[in-house]
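For reference, work-v1.pdb (PDB, C-alpha atoms):
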```
ATOM      1  CA  MET V  24     -23.074 -62.714  27.611
ATOM      2  CA  GLU V  25     -26.774 -63.178  28.133
ATOM      3  CA  ARG V  26     -29.185 -62.973  25.204
ATOM      4  CA  ARG V  27     -30.877 -59.910  26.761
ATOM      5  CA  ASP V  28     -27.551 -58.065  26.917
ATOM      6  CA  GLU V  29     -26.806 -58.875  23.264
ATOM      7  CA  GLN V  30     -30.227 -57.632  22.178
ATOM      8  CA  SER V  31     -29.803 -54.513  24.274
ATOM      9  CA  ILE V  32     -26.449 -53.678  22.647
ATOM     10  CA  GLU V  33     -27.908 -54.199  19.178
ATOM     11  CA  ALA V  34     -30.880 -51.953  19.986
ATOM     12  CA  VAL V  35     -28.615 -49.281  21.487
ATOM     13  CA  LYS V  36     -26.421 -49.191  18.369
ATOM     14  CA  LEU V  37     -29.389 -48.913  16.009
ATOM     15  CA  TYR V  38     -31.043 -46.204  18.086
ATOM     16  CA  TYR V  39     -28.084 -44.062  19.160
ATOM     17  CA  GLN V  40     -25.462 -44.683  16.462
ATOM     18  CA  GLN V  41     -27.625 -45.049  13.368
ATOM     19  CA  GLY V  42     -30.351 -42.689  14.538
ATOM     20  CA  LEU V  43     -33.279 -45.047  13.941
ATOM     21  CA  SER V  44     -36.540 -44.449  15.771
ATOM     22  CA  GLN V  45     -37.794 -46.992  18.306
ATOM     23  CA  ALA V  46     -40.390 -48.141  15.767
ATOM     24  CA  GLU V  47     -37.672 -48.641  13.128
ATOM     25  CA  VAL V  48     -35.502 -50.546  15.614
ATOM     26  CA  ALA V  49     -38.483 -52.747  16.462
ATOM     27  CA  THR V  50     -39.062 -53.534  12.777
ATOM     28  CA  ARG V  51     -35.359 -54.215  12.152
ATOM     29  CA  MET V  52     -35.106 -56.581  15.140
ATOM     30  CA  GLY V  53     -38.558 -58.133  14.788
ATOM     31  CA  LEU V  54     -39.641 -56.954  18.221
ATOM     32  CA  SER V  55     -42.410 -54.796  19.645
ATOM     33  CA  ARG V  56     -41.820 -51.101  20.478
ATOM     34  CA  PRO V  57     -42.328 -51.679  24.231
ATOM     35  CA  THR V  58     -39.674 -54.407  24.115
ATOM     36  CA  VAL V  59     -37.238 -52.052  22.336
ATOM     37  CA  ALA V  60     -37.889 -49.345  24.948
ATOM     38  CA  LYS V  61     -37.057 -51.861  27.700
ATOM     39  CA  LEU V  62     -33.877 -52.948  25.881
ATOM     40  CA  LEU V  63     -32.722 -49.324  25.589
ATOM     41  CA  ALA V  64     -33.395 -48.767  29.289
ATOM     42  CA  HIS V  65     -31.505 -51.982  30.077
ATOM     43  CA  GLY V  66     -28.569 -50.747  28.006
ATOM     44  CA  ARG V  67     -28.402 -47.501  29.990
ATOM     45  CA  GLU V  68     -28.601 -49.373  33.289
ATOM     46  CA  ARG V  69     -25.832 -51.789  32.271
ATOM     47  CA  GLY V  70     -23.601 -48.990  31.025
ATOM     48  CA  PHE V  71     -23.724 -50.092  27.375
ATOM     49  CA  VAL V  72     -24.518 -46.488  26.531
ATOM     50  CA  THR V  73     -23.882 -43.272  28.435
ATOM     51  CA  ILE V  74     -25.540 -39.949  27.739
ATOM     52  CA  GLU V  75     -23.551 -36.747  28.185
ATOM     53  CA  ILE V  76     -25.218 -33.354  27.953
ATOM     54  CA  HIS V  77     -22.967 -30.464  26.975
ATOM     55  CA  ASP V  78     -24.577 -27.141  27.820
ATOM     56  CA  PRO V  79     -22.504 -24.212  26.449
ATOM     57  CA  ARG V  80     -24.185 -21.939  28.983
ATOM     58  CA  GLU V  81     -22.438 -23.829  31.782
ATOM     59  CA  ASP V  82     -19.077 -23.257  30.088
ATOM     60  CA  ALA V  83     -19.862 -19.555  29.810
ATOM     61  CA  SER V  84     -20.790 -19.352  33.497
ATOM     62  CA  GLU V  85     -17.537 -21.003  34.559
ATOM     63  CA  ILE V  86     -15.489 -18.711  32.316
ATOM     64  CA  ALA V  87     -17.329 -15.681  33.715
ATOM     65  CA  LEU V  88     -16.505 -16.757  37.262
ATOM     66  CA  ARG V  89     -12.820 -17.061  36.358
ATOM     67  CA  LEU V  90     -12.885 -13.552  34.889
ATOM     68  CA  GLU V  91     -14.482 -12.165  38.045
ATOM     69  CA  ARG V  92     -11.788 -13.744  40.199
ATOM     70  CA  ARG V  93      -8.894 -12.739  37.985
ATOM     71  CA  PHE V  94      -9.857  -9.099  37.540
ATOM     72  CA  GLY V  95     -11.760  -8.399  40.764
ATOM     73  CA  LEU V  96     -15.049  -7.746  38.967
ATOM     74  CA  ALA V  97     -18.454  -7.425  40.586
ATOM     75  CA  CYS V  98     -19.977  -9.299  37.656
ATOM     76  CA  ALA V  99     -18.860 -10.830  34.358
ATOM     77  CA  ARG V 100     -21.101 -12.199  31.624
ATOM     78  CA  VAL V 101     -19.859 -14.285  28.701
ATOM     79  CA  ALA V 102     -21.891 -14.537  25.510
ATOM     80  CA  HIS V 103     -21.552 -18.193  24.517
ATOM     81  CA  GLY V 104     -20.746 -19.135  20.946
ATOM     82  CA  ALA V 105     -17.118 -20.090  20.420
ATOM     83  CA  GLY V 106     -15.705 -19.625  16.932
ATOM     84  CA  ALA V 107     -17.942 -16.693  16.063
ATOM     85  CA  THR V 108     -16.809 -14.096  13.533
ATOM     86  CA  GLU V 109     -16.027 -10.629  14.881
ATOM     87  CA  ASP V 110     -19.391  -9.311  13.688
ATOM     88  CA  GLU V 111     -21.200 -12.254  15.298
ATOM     89  CA  ALA V 112     -19.265 -11.778  18.531
ATOM     90  CA  ILE V 113     -20.190  -8.101  18.702
ATOM     91  CA  GLU V 114     -23.837  -8.944  18.066
ATOM     92  CA  GLN V 115     -23.817 -11.551  20.845
ATOM     93  CA  VAL V 116     -22.128  -9.180  23.269
ATOM     94  CA  GLY V 117     -24.634  -6.466  22.393
ATOM     95  CA  ARG V 118     -27.524  -8.781  23.214
ATOM     96  CA  VAL V 119     -26.119  -9.842  26.592
ATOM     97  CA  GLY V 120     -24.909  -6.325  27.363
ATOM     98  CA  ALA V 121     -28.396  -4.919  26.834
ATOM     99  CA  ASP V 122     -29.731  -7.375  29.405
ATOM    100  CA  VAL V 123     -27.040  -6.403  31.933
ATOM    101  CA  VAL V 124     -27.630  -2.669  31.499
ATOM    102  CA  THR V 125     -31.402  -3.051  31.800
ATOM    103  CA  GLN V 126     -30.962  -4.859  35.113
ATOM    104  CA  LEU V 127     -28.630  -2.172  36.466
ATOM    105  CA  VAL V 128     -30.555   0.982  35.571
ATOM    106  CA  ARG V 129     -32.967   2.146  38.271
ATOM    107  CA  ASP V 130     -35.276   5.122  38.765
ATOM    108  CA  GLY V 131     -33.480   8.425  39.207
ATOM    109  CA  MET V 132     -30.136   7.237  37.867
ATOM    110  CA  SER V 133     -27.856   8.994  35.421
ATOM    111  CA  VAL V 134     -26.375   6.715  32.759
ATOM    112  CA  GLY V 135     -23.272   7.708  30.825
ATOM    113  CA  ILE V 136     -22.607   6.106  27.454
ATOM    114  CA  SER V 137     -19.887   6.100  24.822
ATOM    115  CA  TRP V 138     -20.148   5.033  21.183
ATOM    116  CA  GLY V 139     -18.663   2.402  18.871
ATOM    117  CA  ARG V 140     -19.734  -0.779  17.069
ATOM    118  CA  THR V 141     -20.309  -2.750  20.254
ATOM    119  CA  MET V 142     -22.278   0.098  21.811
ATOM    120  CA  SER V 143     -24.417   0.255  18.656
ATOM    121  CA  ALA V 144     -25.150  -3.469  18.959
ATOM    122  CA  LEU V 145     -26.046  -3.085  22.620
ATOM    123  CA  ALA V 146     -28.336  -0.133  21.942
ATOM    124  CA  ALA V 147     -30.102  -2.055  19.166
ATOM    125  CA  HIS V 148     -30.965  -4.862  21.614
ATOM    126  CA  LEU V 149     -32.389  -2.641  24.348
ATOM    127  CA  ALA V 150     -36.041  -3.396  24.979
ATOM    128  CA  ARG V 151     -38.428  -0.833  26.423
ATOM    129  CA  ALA V 152     -38.038  -0.739  30.197
ATOM    130  CA  PRO V 153     -39.327   2.701  31.284
ATOM    131  CA  ARG V 154     -37.809   4.223  34.408
ATOM    132  CA  VAL V 155     -38.639   7.407  36.290
ATOM    133  CA  GLY V 156     -36.217  10.326  36.276
ATOM    134  CA  VAL V 157     -33.406   8.679  34.312
ATOM    135  CA  ARG V 158     -30.910  10.813  32.391
ATOM    136  CA  VAL V 159     -28.654   9.500  29.629
ATOM    137  CA  VAL V 160     -25.419  11.451  29.281
ATOM    138  CA  GLN V 161     -23.029  11.316  26.334
ATOM    139  CA  LEU V 162     -19.595  10.715  27.856
ATOM    140  CA  LYS V 163     -17.587  12.006  24.907
ATOM    141  CA  GLY V 164     -18.003  14.011  21.733
ATOM    142  CA  GLY V 165     -19.079  12.131  18.639
ATOM    143  CA  ALA V 166     -18.974  14.433  15.623
ATOM    144  CA  SER V 167     -16.925  13.021  12.734
ATOM    145  CA  PHE V 168     -14.974  14.897  10.061
ATOM    146  CA  SER V 169     -14.702  11.856   7.788
ATOM    147  CA  GLU V 170     -16.973   9.350   6.060
ATOM    148  CA  ARG V 171     -16.721   7.095   9.139
ATOM    149  CA  ALA V 172     -19.724   7.584  11.426
ATOM    150  CA  THR V 173     -19.796   7.159  15.207
ATOM    151  CA  HIS V 174     -23.596   6.685  15.389
ATOM    152  CA  ASP V 175     -23.524   8.566  18.674
ATOM    153  CA  PHE V 176     -26.930  10.173  18.095
ATOM    154  CA  GLU V 177     -28.627   6.853  17.279
ATOM    155  CA  ILE V 178     -27.111   5.166  20.339
ATOM    156  CA  MET V 179     -28.267   7.995  22.602
ATOM    157  CA  ARG V 180     -31.750   7.870  21.105
ATOM    158  CA  SER V 181     -32.039   4.098  21.616
ATOM    159  CA  PHE V 182     -31.024   4.386  25.268
ATOM    160  CA  CYS V 183     -33.457   7.229  25.887
ATOM    161  CA  GLU V 184     -36.327   5.416  24.170
ATOM    162  CA  ALA V 185     -35.646   2.238  26.143
ATOM    163  CA  PHE V 186     -35.675   3.892  29.561
ATOM    164  CA  GLY V 187     -37.929   6.865  28.861
ATOM    165  CA  ALA V 188     -34.935   9.015  29.739
ATOM    166  CA  GLU V 189     -33.904  12.613  29.183
ATOM    167  CA  PRO V 190     -30.899  12.973  26.845
ATOM    168  CA  ARG V 191     -27.775  14.993  27.519
ATOM    169  CA  TYR V 192     -26.122  15.276  24.117
ATOM    170  CA  LEU V 193     -22.535  16.416  23.654
ATOM    171  CA  PRO V 194     -22.676  17.827  20.093
ATOM    172  CA  LEU V 195     -18.932  18.216  19.638
ATOM    173  CA  PRO V 196     -16.042  16.393  17.985
ATOM    174  CA  VAL V 197     -14.317  14.026  20.364
ATOM    175  CA  ILE V 198     -10.907  15.554  19.608
ATOM    176  CA  PHE V 199     -10.353  19.242  18.850
ATOM    177  CA  GLN V 200      -7.593  20.479  16.578
ATOM    178  CA  ASP V 201      -6.082  22.634  19.307
ATOM    179  CA  THR V 202      -6.503  23.191  23.030
ATOM    180  CA  ALA V 203      -7.260  26.902  22.601
ATOM    181  CA  MET V 204     -10.421  26.179  20.627
ATOM    182  CA  LEU V 205     -11.475  23.548  23.148
ATOM    183  CA  SER V 206     -10.993  26.023  25.990
ATOM    184  CA  ILE V 207     -13.265  28.510  24.247
ATOM    185  CA  VAL V 208     -15.980  25.903  23.718
ATOM    186  CA  ARG V 209     -15.802  24.753  27.327
ATOM    187  CA  ARG V 210     -16.626  28.257  28.496
ATOM    188  CA  ASP V 211     -20.153  27.612  27.280
ATOM    189  CA  ARG V 212     -22.138  26.832  30.417
ATOM    190  CA  SER V 213     -24.369  24.263  28.736
ATOM    191  CA  ILE V 214     -21.350  22.311  27.457
ATOM    192  CA  GLU V 215     -19.579  22.414  30.798
ATOM    193  CA  ARG V 216     -22.786  21.319  32.527
ATOM    194  CA  ILE V 217     -23.008  18.208  30.329
ATOM    195  CA  LEU V 218     -19.340  17.409  30.932
ATOM    196  CA  GLU V 219     -19.933  17.787  34.663
ATOM    197  CA  GLU V 220     -22.926  15.439  34.492
ATOM    198  CA  GLY V 221     -20.755  12.925  32.660
ATOM    199  CA  ARG V 222     -18.186  13.019  35.441
ATOM    200  CA  GLY V 223     -20.901  12.214  37.971
ATOM    201  CA  VAL V 224     -22.953   9.455  36.311
ATOM    202  CA  ASP V 225     -24.199   6.537  38.400
ATOM    203  CA  VAL V 226     -23.638   3.985  35.640
ATOM    204  CA  ALA V 227     -21.087   4.250  32.821
ATOM    205  CA  VAL V 228     -21.488   1.976  29.790
ATOM    206  CA  PHE V 229     -18.553   1.905  27.392
ATOM    207  CA  THR V 230     -16.304  -0.221  25.238
ATOM    208  CA  VAL V 231     -12.595  -0.397  24.533
ATOM    209  CA  GLY V 232     -11.029  -0.074  21.127
ATOM    210  CA  SER V 233      -7.932  -1.838  19.876
ATOM    211  CA  LEU V 234      -5.438   0.122  17.827
ATOM    212  CA  GLY V 235      -4.956  -0.587  14.145
ATOM    213  CA  ARG V 236      -4.930   1.577  11.037
ATOM    214  CA  GLU V 237      -8.625   0.897  10.448
ATOM    215  CA  ALA V 238      -9.651   1.715  14.021
ATOM    216  CA  LEU V 239     -12.610   4.103  14.091
ATOM    217  CA  SER V 240     -10.945   6.295  16.707
ATOM    218  CA  LEU V 241      -8.037   6.981  14.331
ATOM    219  CA  ASN V 242     -10.184   7.687  11.276
ATOM    220  CA  LEU V 243     -12.530  10.503  12.259
ATOM    221  CA  GLY V 244     -10.447  13.219  10.584
ATOM    222  CA  GLN V 245      -9.366  14.713  13.911
ATOM    223  CA  LEU V 246      -5.754  13.550  14.136
ATOM    224  CA  GLU V 247      -2.628  14.526  12.240
ATOM    225  CA  ASP V 248      -0.677  11.796  10.443
ATOM    226  CA  ASP V 249       2.205  11.982  12.906
ATOM    227  CA  GLU V 250      -0.229  11.630  15.808
ATOM    228  CA  VAL V 251      -1.756   8.524  14.259
ATOM    229  CA  GLU V 252       1.711   7.014  13.862
ATOM    230  CA  ALA V 253       2.598   7.859  17.467
ATOM    231  CA  LEU V 254      -0.581   6.240  18.761
ATOM    232  CA  LEU V 255      -0.044   3.130  16.646
ATOM    233  CA  ARG V 256       3.439   2.894  18.130
ATOM    234  CA  ASP V 257       2.707   3.662  21.782
ATOM    235  CA  ALA V 258      -0.964   2.866  22.499
ATOM    236  CA  VAL V 259      -2.691  -0.502  22.863
ATOM    237  CA  GLY V 260      -6.239   0.799  23.012
ATOM    238  CA  ASP V 261      -8.672   3.459  24.103
ATOM    239  CA  ALA V 262     -11.621   3.824  26.454
ATOM    240  CA  CYS V 263     -13.966   6.739  25.794
ATOM    241  CA  SER V 264     -11.361   7.908  23.231
ATOM    242  CA  ARG V 265      -8.693   8.213  25.924
ATOM    243  CA  PHE V 266      -5.719   6.339  24.485
ATOM    244  CA  PHE V 267      -3.641   4.281  26.912
ATOM    245  CA  THR V 268      -0.314   2.455  26.804
ATOM    246  CA  ARG V 269       0.547  -1.119  27.781
ATOM    247  CA  GLU V 270       1.543   0.269  31.168
ATOM    248  CA  GLY V 271      -1.872   1.876  31.647
ATOM    249  CA  GLY V 272      -0.710   5.449  31.161
ATOM    250  CA  VAL V 273      -1.843   8.189  28.780
ATOM    251  CA  ALA V 274      -0.499   7.344  25.326
ATOM    252  CA  LEU V 275      -0.167  10.834  23.843
ATOM    253  CA  ALA V 276      -0.676  13.762  26.212
ATOM    254  CA  SER V 277      -1.055  16.334  23.436
ATOM    255  CA  VAL V 278      -4.070  14.443  22.054
ATOM    256  CA  ASP V 279      -5.490  13.705  25.489
ATOM    257  CA  ARG V 280      -5.546  17.426  26.311
ATOM    258  CA  ARG V 281      -7.664  18.068  23.199
ATOM    259  CA  THR V 282     -10.129  15.259  23.891
ATOM    260  CA  VAL V 283     -13.701  16.108  24.883
ATOM    261  CA  GLY V 284     -15.225  13.900  27.523
ATOM    262  CA  ILE V 285     -14.647  11.884  30.642
ATOM    263  CA  THR V 286     -11.036  11.089  31.558
ATOM    264  CA  LEU V 287      -9.789   7.652  32.567
ATOM    265  CA  GLU V 288      -9.447   8.721  36.203
ATOM    266  CA  GLU V 289     -12.965  10.166  36.197
ATOM    267  CA  LEU V 290     -14.299   7.013  34.580
ATOM    268  CA  ARG V 291     -12.599   4.851  37.188
ATOM    269  CA  SER V 292     -14.288   6.853  39.965
ATOM    270  CA  ARG V 293     -17.830   5.951  38.840
ATOM    271  CA  PRO V 294     -19.544   3.381  41.088
ATOM    272  CA  VAL V 295     -20.828   1.126  38.277
ATOM    273  CA  ARG V 296     -18.815   0.740  35.078
ATOM    274  CA  VAL V 297     -20.060  -1.678  32.429
ATOM    275  CA  LEU V 298     -17.419  -2.557  29.838
ATOM    276  CA  VAL V 299     -18.677  -4.369  26.729
ATOM    277  CA  ALA V 300     -16.288  -5.752  24.110
ATOM    278  CA  GLY V 301     -16.320  -8.335  21.331
ATOM    279  CA  GLY V 302     -13.610  -9.996  19.239
ATOM    280  CA  ARG V 303     -10.246 -11.561  20.158
ATOM    281  CA  VAL V 304      -8.465  -8.623  18.541
ATOM    282  CA  LYS V 305      -9.311  -6.594  21.653
ATOM    283  CA  ALA V 306      -7.588  -8.964  24.090
ATOM    284  CA  GLU V 307      -4.530  -6.822  24.839
ATOM    285  CA  ALA V 308      -6.468  -3.560  25.084
ATOM    286  CA  LEU V 309      -9.106  -5.150  27.298
ATOM    287  CA  ASP V 310      -6.547  -6.865  29.518
ATOM    288  CA  THR V 311      -4.864  -3.523  30.132
ATOM    289  CA  ALA V 312      -8.170  -1.735  30.764
ATOM    290  CA  LEU V 313      -9.227  -4.351  33.308
ATOM    291  CA  HIS V 314      -5.924  -4.171  35.144
ATOM    292  CA  MET V 315      -6.364  -0.393  35.215
ATOM    293  CA  GLY V 316      -9.588  -0.956  37.138
ATOM    294  CA  LEU V 317     -11.790   0.667  34.504
ATOM    295  CA  ALA V 318     -14.649  -1.844  34.871
ATOM    296  CA  THR V 319     -16.833  -3.242  37.624
ATOM    297  CA  HIS V 320     -19.002  -5.217  35.181
ATOM    298  CA  LEU V 321     -17.770  -6.972  32.032
ATOM    299  CA  VAL V 322     -19.582  -8.420  29.022
ATOM    300  CA  VAL V 323     -17.481 -10.261  26.416
ATOM    301  CA  ASP V 324     -17.822 -13.050  23.877
ATOM    302  CA  GLN V 325     -16.444 -16.487  24.684
ATOM    303  CA  ASP V 326     -13.392 -16.326  22.418
ATOM    304  CA  LEU V 327     -12.316 -12.961  23.842
ATOM    305  CA  ALA V 328     -12.885 -14.231  27.386
ATOM    306  CA  LEU V 329     -10.654 -17.243  26.747
ATOM    307  CA  ALA V 330      -8.026 -15.032  25.118
ATOM    308  CA  LEU V 331      -7.953 -12.936  28.302
ATOM    309  CA  LEU V 332      -7.599 -15.972  30.534
ATOM    310  CA  GLU V 333      -4.908 -17.471  28.296
ATOM    311  CA  ARG V 334      -2.731 -14.384  28.652
ATOM    312  CA  PRO V 335       0.119 -15.090  31.088
ATOM    313  CA  ARG V 336       0.021 -13.352  34.432
ATOM    314  CA  GLY V 337       3.276 -11.713  33.419
ATOM    315  CA  ALA V 338       1.342  -9.880  30.707
ATOM    316  CA  THR V 339      -0.103  -7.595  33.375
ATOM    317  CA  PRO V 340       0.890  -4.025  32.471
ATOM    318  CA  ARG V 341       3.732  -2.538  34.462
ATOM    319  CA  GLY V 342       2.570   0.159  36.824
ATOM    320  CA  VAL V 343      -0.998  -1.121  37.090
ATOM    321  CA  HIS V 344      -0.615  -4.713  38.283
ATOM    322  CA  ASP V 345      -0.922  -3.702  41.937
ATOM    323  CA  ARG V 346      -4.004  -1.573  41.372
ATOM    324  CA  THR V 347      -7.187  -2.976  42.895
ATOM    325  CA  PRO V 348     -10.246  -2.215  40.758
ATOM    326  CA  SER V 349     -12.486   0.232  42.550
ATOM    327  CA  GLY V 350     -16.243   0.157  42.872
TER
END
```

Can you dump the structure from the file as structure tokens?
Amino acid sequence: MERRDEQSIEAVKLYYQQGLSQAEVATRMGLSRPTVAKLLAHGRERGFVTIEIHDPREDASEIALRLERRFGLACARVAHGAGATEDEAIEQVGRVGADVVTQLVRDGMSVGISWGRTMSALAAHLARAPRVGVRVVQLKGGASFSERATHDFEIMRSFCEAFGAEPRYLPLPVIFQDTAMLSIVRRDRSIERILEEGRGVDVAVFTVGSLGREALSLNLGQLEDDEVEALLRDAVGDACSRFFTREGGVALASVDRRTVGITLEELRSRPVRVLVAGGRVKAEALDTALHMGLATHLVVDQDLALALLERPRGATPRGVHDRTPSG
């Protein structure tokens, strides 16, 4: 080996392995800084050292493309940051989701929104982007009869402030105790008008919930104990508080009939449907929702995205695997 090669290898090790500066390498080797710079360049040319740049954004873009292909989505965005806690994942998804929504909302549009932790994170990241003639419609009731809050009012306010929009609040519980009371309330023209606007929004922004005993949707004081047990047994998740099974059907019809807001079929009919979700715990619920065709646009964290892609094709819910997502 030539003397120049030996010097180059020594310089490369000091600079790249030990982290010394070029000046420190020069002092250690008794050379000038320009000579060290030339030795480092020589080392790269000879292949003594290779430099690899790992950009997590490129990983996220590739994962997003795989999601689009697998679920027939118009657009998928993946918030990079593998190994994040659930709270961190939701925060990341909220940030990216806010960017997606801002790009989609145009003058004169009606925007329907749900509530939940991920929706709160998204709303908090919305920057002011005034539009003309935009209406923000609450897609489901949000009043709570327990200490758990839905933050529906705050989410609506953030959306309206961001877009300079007119609000359409739905000041009702999301689930009534009986269908008779719900029927009476729906006779109110103002309530029915808001529900009608929700069914016709241009853009729907929502999340999915997974089912566990601590799930917000099960702890608003609106369900009987036996109903909670039935949902824990039969449902895998909910979208806009409409509980669905692994097969993509309604989980508990008696609860669904008492629910205030957009139905799954009505949601699926909207032209633009932005689904935001964070945390691997939502993988099964989200997989089912996507196979049901509930979303045209998806925003997820990297761990949840990988969990979706790792699910076997056979995990596709029966009865919905042949459904092509609309929109």

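One finds atom CA of Val304 of chain V at 9.2 Å from atom CA of Ala330 of chain V.
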
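The two atoms in question, atom CA of Ala60 of chain V and atom CA of Gln45 of chain V, are spaced 7.0 Å apart.
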
| field | One-decimal distance in Å that lies between atom CA of Arg180 of chain V and atom CA of Leu243 of chain V | value | 21.3 Å

| said: Using all atoms listed in the file - which residues lie no farther than 10 Å from the point (-19.0, -20.3, 32.2) in the file's frame? Write them as a ChimeraX atom specification. | reply: /V:78-90,99-103,325,328

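For the structure shown here, the set of residues caught by the PyMOL selection byres ((chain V and resi 122) around 12) is Arg100, Ala102, Gln115, Val116, Gly117, Arg118, Val119, Gly120, Ala121, Val123, Val124, Thr125, Gln126, Leu127, Val128, Leu145, Ala146, Ala147, His148, Leu149, Ala150, Arg151, Ala152, Ala185, Val297, Val299 and Val322 of chain V.
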
| Who sits within 10 Å of Glu111 of chain V, all atoms listed in the file, same chain under 6 positions skipped, as a PyMOL selection string | chain V and resi 104+117+301-302+324

Output the selection as a compact mmCIF listing (two decimals), in the frame of the given file - C-alpha atoms for each residue.
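Result file is out_6.txt:
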```
# COMPACT_ATOMS: atom_id res chain seq x y z
CA GLY V 104 -20.75 -19.14 20.95
CA GLY V 117 -24.63 -6.47 22.39
CA GLY V 301 -16.32 -8.34 21.33
CA GLY V 302 -13.61 -10.00 19.24
CA ASP V 324 -17.82 -13.05 23.88
```

Centre, x/y/z edge lengths, axis-aligned box for segment 105-112 of chain V with 5 Å per side, as lines of an AutoDock Vina configuration file:
```
center_x = -18.5
center_y = -14.7
center_z = 17.0
size_x = 15.5
size_y = 20.8
size_z = 16.9
```

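The residues caught by the PyMOL selection byres ((chain V and resi 61-71) around 9) in this file are Arg27, Asp28, Gln30, Ser31, Ile32, Ala34, Val35, Tyr38, Arg56, Pro57, Thr58, Val59, Ala60, Val72, Thr73 and Ile74 of chain V.
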
| request: Convert the output of the PyMOL selection byres ((chain V and resi 205) around 10) on the shown file into explicit residues, formatted as a PyMOL selection string. | output: chain V and resi 195-196+198-204+206-210+280-283

| message | Quick one: residues within 10 Å of Gly223 of chain V, all atoms listed in the file, excluding same-chain residues fewer than 4 positions away - as a ChimeraX atom specification? | response | /V:133-135,160,217-219,227,285,289-290,292-294

| Looking at all atoms listed in the file, which of V:Asp257, V:Asp225, V:Glu220, V:Asp175 is the one that sits closest to Val197 of chain V? | V:Asp175

| said: With only C-alpha atoms as the counted atoms, please give the residues lying no more than 9 Å from Ser264 of chain V, apart from itself and same-chain residues fewer than 3 positions off, as JSON, numbers by chain. | reply: {"V": [137, 163, 197, 198, 231, 232, 240, 260, 261, 279, 282, 283, 284, 286]}

| Surrounding residues of segment 269-278 of chain V excluding itself and chain neighbours under 4 positions, 12 Å, all atoms listed in the file, as number ranges by chain | V: 197-202, 205, 233-234, 240-241, 245-247, 249-262, 264-265, 282-283, 286-288, 306-317, 338-346

| said: Counting all atoms listed in the file, which residue out of V:Leu162, V:Arg129, V:Lys36, V:Asp326 sits closest to Glu109 of chain V? | reply: V:Asp326

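Excluding Asp130 of chain V itself and any same-chain residue fewer than 6 positions from it, the protein and nucleic acid residues within 7 Å of it, counting all atoms listed in the file, are Arg154, Val155, Gly156 and Val157 of chain V.
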
| note | Min atom-atom distance to Gly221 of chain V from the set V:Leu332, V:Ile178, V:Val159, V:Ala97, counting all atoms listed in the file, belongs to V:Val159

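Take the candidates V:Arg140, V:Arg93, V:Arg51, V:His174 and check each one against Arg334 of chain V using only C-alpha atoms; the shortest distance goes to V:Arg93.
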